[in-house]
Amino acid sequence: MTKNDTRQNIITIGADLISIHGFGSTGLNKILSEAQVPKGSFYHYFKSKNDFGLAVIEAYAEDYEARMDETLANEKLEPVDRLRSYLRRSVEDLKSCDFSKGCLIGNLGQEMASQSDLFRERLDDIFSDWEQRIARCLKAAQDAQQIQQCIDTEQMGAFILSGWQGALLRAKVQRSMLPLLRFEEMILRQLGAVDQ
């Protein structure tokens with residue numbers, strides 16, 4: 001395995017464990033054992049556990065943003081169908097892990113926002129970017145006359161992201177898709193897009 005492969009493997013395994021157990025409860029020994037990397041090697045790749053945590057955040061955000069582009073920015077689909085596709089893909093992702101993970105960025109936001117300004121600021125930047133991606137999709141839906149023209153797409157993008165994060169949390173707690181499906185139905189109804 002090359003140096004970059006080893007680093008990426010540590011990040012991937014760490015992200016998976018952090019998604020389930022949280023940042024504070026995920027020990028380096030567990031990550032390194034799963035990655036089959038000696039403890040001393042960890043500091044060759046990362047300065048500290050916080051440095052590692054930020055690398056996990058960056059890797060997850062990059063992957064998630066590519067997935068957002070595949071749905072929300074997919075010009076082969078009508079804009080409202082892009083939003084539906086984004087929401088449905090998230091439902092399938094949560095279902096595939098038996099409701100054990102949710103959104104790593106949302107999970108870390110709940111856990112780390114009051115503990116680290118560095119984490120809080122980076123997580124907030126990521127959420128702001130995601131809001132803008134949703135808002136651009138909504139603007140395209142407005143331009144295509146698929147949703148109400150009176151909607152402030154920037155505000156609605158922020159509202160959808162915040163509400164979706166809450167629905168993900170509820171789905172994990174209930175171990176059910178119902179909060180996600182309910183949220184999707186209500187958002188599409190509020191947008192005026194249920195009959196599209």
# chains A, B, ... in the order shown; residues from 1 in each chain; ligands from 1
call {"tool": "select_by_dssp", "arguments": {"residues": "segment 135-187 of chain A", "states": "alpha helix (DSSP H)", "output": "ChimeraX atom specification"}}
result
/A:135-143,153-174,178-187
call {"tool": "write_last_selection", "arguments": {"atoms": "N, CA and C atoms", "output": "CSV table (one decimal), in the first residue's frame"}}
result
chain,number,residue,atom,x,y,z
A,135,ALA,N,-30.2,25.3,-2.8
A,135,ALA,CA,-30.8,26.5,-3.3
A,135,ALA,C,-30.6,26.7,-4.8
A,136,ARG,N,-29.5,26.3,-5.4
A,136,ARG,CA,-29.3,26.3,-6.9
A,136,ARG,C,-30.3,25.4,-7.6
A,137,CYS,N,-30.5,24.2,-7.0
A,137,CYS,CA,-31.5,23.3,-7.5
A,137,CYS,C,-32.9,23.9,-7.5
A,138,LEU,N,-33.2,24.5,-6.3
A,138,LEU,CA,-34.5,25.1,-6.2
A,138,LEU,C,-34.7,26.3,-7.2
A,139,LYS,N,-33.7,27.0,-7.4
A,139,LYS,CA,-33.7,28.1,-8.4
A,139,LYS,C,-34.0,27.6,-9.8
A,140,ALA,N,-33.3,26.5,-10.1
A,140,ALA,CA,-33.6,25.8,-11.4
A,140,ALA,C,-35.0,25.3,-11.5
A,141,ALA,N,-35.6,24.8,-10.4
A,141,ALA,CA,-37.0,24.4,-10.4
A,141,ALA,C,-37.9,25.6,-10.6
A,142,GLN,N,-37.6,26.7,-10.0
A,142,GLN,CA,-38.4,27.9,-10.1
A,142,GLN,C,-38.3,28.4,-11.6
A,143,ASP,N,-37.1,28.4,-12.2
A,143,ASP,CA,-37.0,28.8,-13.5
A,143,ASP,C,-37.8,27.9,-14.5
A,153,THR,N,-35.4,31.0,-2.6
A,153,THR,CA,-34.7,29.7,-2.7
A,153,THR,C,-33.5,29.6,-1.8
A,154,GLU,N,-32.9,30.7,-1.4
A,154,GLU,CA,-31.7,30.6,-0.5
A,154,GLU,C,-32.2,30.2,0.9
A,155,GLN,N,-33.3,30.9,1.3
A,155,GLN,CA,-33.9,30.6,2.6
A,155,GLN,C,-34.4,29.2,2.7
A,156,MET,N,-35.1,28.8,1.6
A,156,MET,CA,-35.6,27.4,1.5
A,156,MET,C,-34.5,26.4,1.5
A,157,GLY,N,-33.4,26.7,0.8
A,157,GLY,CA,-32.3,25.7,0.8
A,157,GLY,C,-31.8,25.5,2.2
A,158,ALA,N,-31.6,26.6,3.0
A,158,ALA,CA,-31.2,26.5,4.4
A,158,ALA,C,-32.2,25.7,5.2
A,159,PHE,N,-33.5,26.0,5.0
A,159,PHE,CA,-34.5,25.3,5.7
A,159,PHE,C,-34.5,23.8,5.4
A,160,ILE,N,-34.4,23.4,4.1
A,160,ILE,CA,-34.4,22.0,3.8
A,160,ILE,C,-33.2,21.3,4.4
A,161,LEU,N,-32.1,21.9,4.3
A,161,LEU,CA,-30.9,21.2,4.9
A,161,LEU,C,-31.1,21.0,6.4
A,162,SER,N,-31.5,22.1,7.1
A,162,SER,CA,-31.7,22.0,8.6
A,162,SER,C,-32.8,20.9,8.9
A,163,GLY,N,-33.9,21.0,8.2
A,163,GLY,CA,-35.0,20.0,8.4
A,163,GLY,C,-34.5,18.6,8.1
A,164,TRP,N,-33.8,18.4,7.0
A,164,TRP,CA,-33.3,17.1,6.6
A,164,TRP,C,-32.4,16.5,7.7
A,165,GLN,N,-31.5,17.4,8.2
A,165,GLN,CA,-30.6,16.9,9.3
A,165,GLN,C,-31.4,16.4,10.5
A,166,GLY,N,-32.5,17.2,10.8
A,166,GLY,CA,-33.3,16.8,11.9
A,166,GLY,C,-34.1,15.5,11.6
A,167,ALA,N,-34.5,15.3,10.4
A,167,ALA,CA,-35.2,14.1,10.0
A,167,ALA,C,-34.3,12.9,10.0
A,168,LEU,N,-33.0,13.1,9.7
A,168,LEU,CA,-32.0,12.0,9.7
A,168,LEU,C,-31.8,11.6,11.2
A,169,LEU,N,-31.7,12.6,12.1
A,169,LEU,CA,-31.6,12.2,13.5
A,169,LEU,C,-32.8,11.4,14.0
A,170,ARG,N,-34.0,11.9,13.7
A,170,ARG,CA,-35.2,11.2,14.1
A,170,ARG,C,-35.3,9.8,13.5
A,171,ALA,N,-34.8,9.6,12.3
A,171,ALA,CA,-34.9,8.3,11.6
A,171,ALA,C,-33.9,7.4,12.4
A,172,LYS,N,-32.7,7.9,12.8
A,172,LYS,CA,-31.8,7.0,13.5
A,172,LYS,C,-32.4,6.6,14.9
A,173,VAL,N,-33.0,7.6,15.5
A,173,VAL,CA,-33.6,7.3,16.9
A,173,VAL,C,-34.8,6.3,16.7
A,174,GLN,N,-35.6,6.5,15.7
A,174,GLN,CA,-36.8,5.6,15.5
A,174,GLN,C,-36.4,4.3,14.8
A,178,LEU,N,-39.7,6.6,8.3
A,178,LEU,CA,-40.9,7.4,8.3
A,178,LEU,C,-40.5,8.9,8.5
A,179,PRO,N,-39.6,9.4,9.4
A,179,PRO,CA,-39.3,10.8,9.5
A,179,PRO,C,-38.8,11.4,8.1
A,180,LEU,N,-38.0,10.6,7.4
A,180,LEU,CA,-37.5,11.1,6.2
A,180,LEU,C,-38.5,11.2,5.1
A,181,LEU,N,-39.4,10.2,5.0
A,181,LEU,CA,-40.4,10.2,4.0
A,181,LEU,C,-41.4,11.3,4.3
A,182,ARG,N,-41.8,11.5,5.6
A,182,ARG,CA,-42.7,12.5,6.0
A,182,ARG,C,-42.1,13.9,5.6
A,183,PHE,N,-40.8,14.1,5.9
A,183,PHE,CA,-40.2,15.4,5.5
A,183,PHE,C,-40.2,15.6,4.0
A,184,GLU,N,-39.8,14.6,3.3
A,184,GLU,CA,-39.9,14.7,1.8
A,184,GLU,C,-41.2,15.1,1.3
A,185,GLU,N,-42.3,14.4,1.8
A,185,GLU,CA,-43.6,14.8,1.3
A,185,GLU,C,-44.0,16.2,1.7
A,186,MET,N,-43.7,16.6,2.9
A,186,MET,CA,-44.1,17.9,3.4
A,186,MET,C,-43.3,19.0,2.6
A,187,ILE,N,-42.0,18.8,2.4
A,187,ILE,CA,-41.3,19.8,1.6
A,187,ILE,C,-41.8,19.9,0.2
call {"tool": "residues_around", "arguments": {"residues": "segment 53-60 of chain A", "least_positions_apart": "3", "cutoff": "9 Å", "atoms": "only C-alpha atoms", "output": "list of chain:residue names"}}
result
A:Gln8, A:Ile11, A:Thr12, A:Gly14, A:Ala15, A:Phe23, A:Phe46, A:Ser48, A:Lys49, A:Asn50, A:Asp63, A:Tyr64, A:Glu65, A:Leu104, A:Ile105, A:Leu108, A:Leu118, A:Phe119, A:Arg122, A:Leu123
call {"tool": "atom_distance", "arguments": {"atom1": "atom CA of Cys150 of chain A", "atom2": "atom CA of Arg189 of chain A"}}
result
14.2 Å
call {"tool": "closest_residue", "arguments": {"among": "A:Arg7, A:Lys101, A:Lys95, A:Arg120", "to": "Met177 of chain A", "atoms": "only C-alpha atoms"}}
result
A:Lys95
call {"tool": "atom_distance", "arguments": {"atom1": "atom CA of Ile126 of chain A", "atom2": "atom CA of Ala61 of chain A"}}
result
7.0 Å
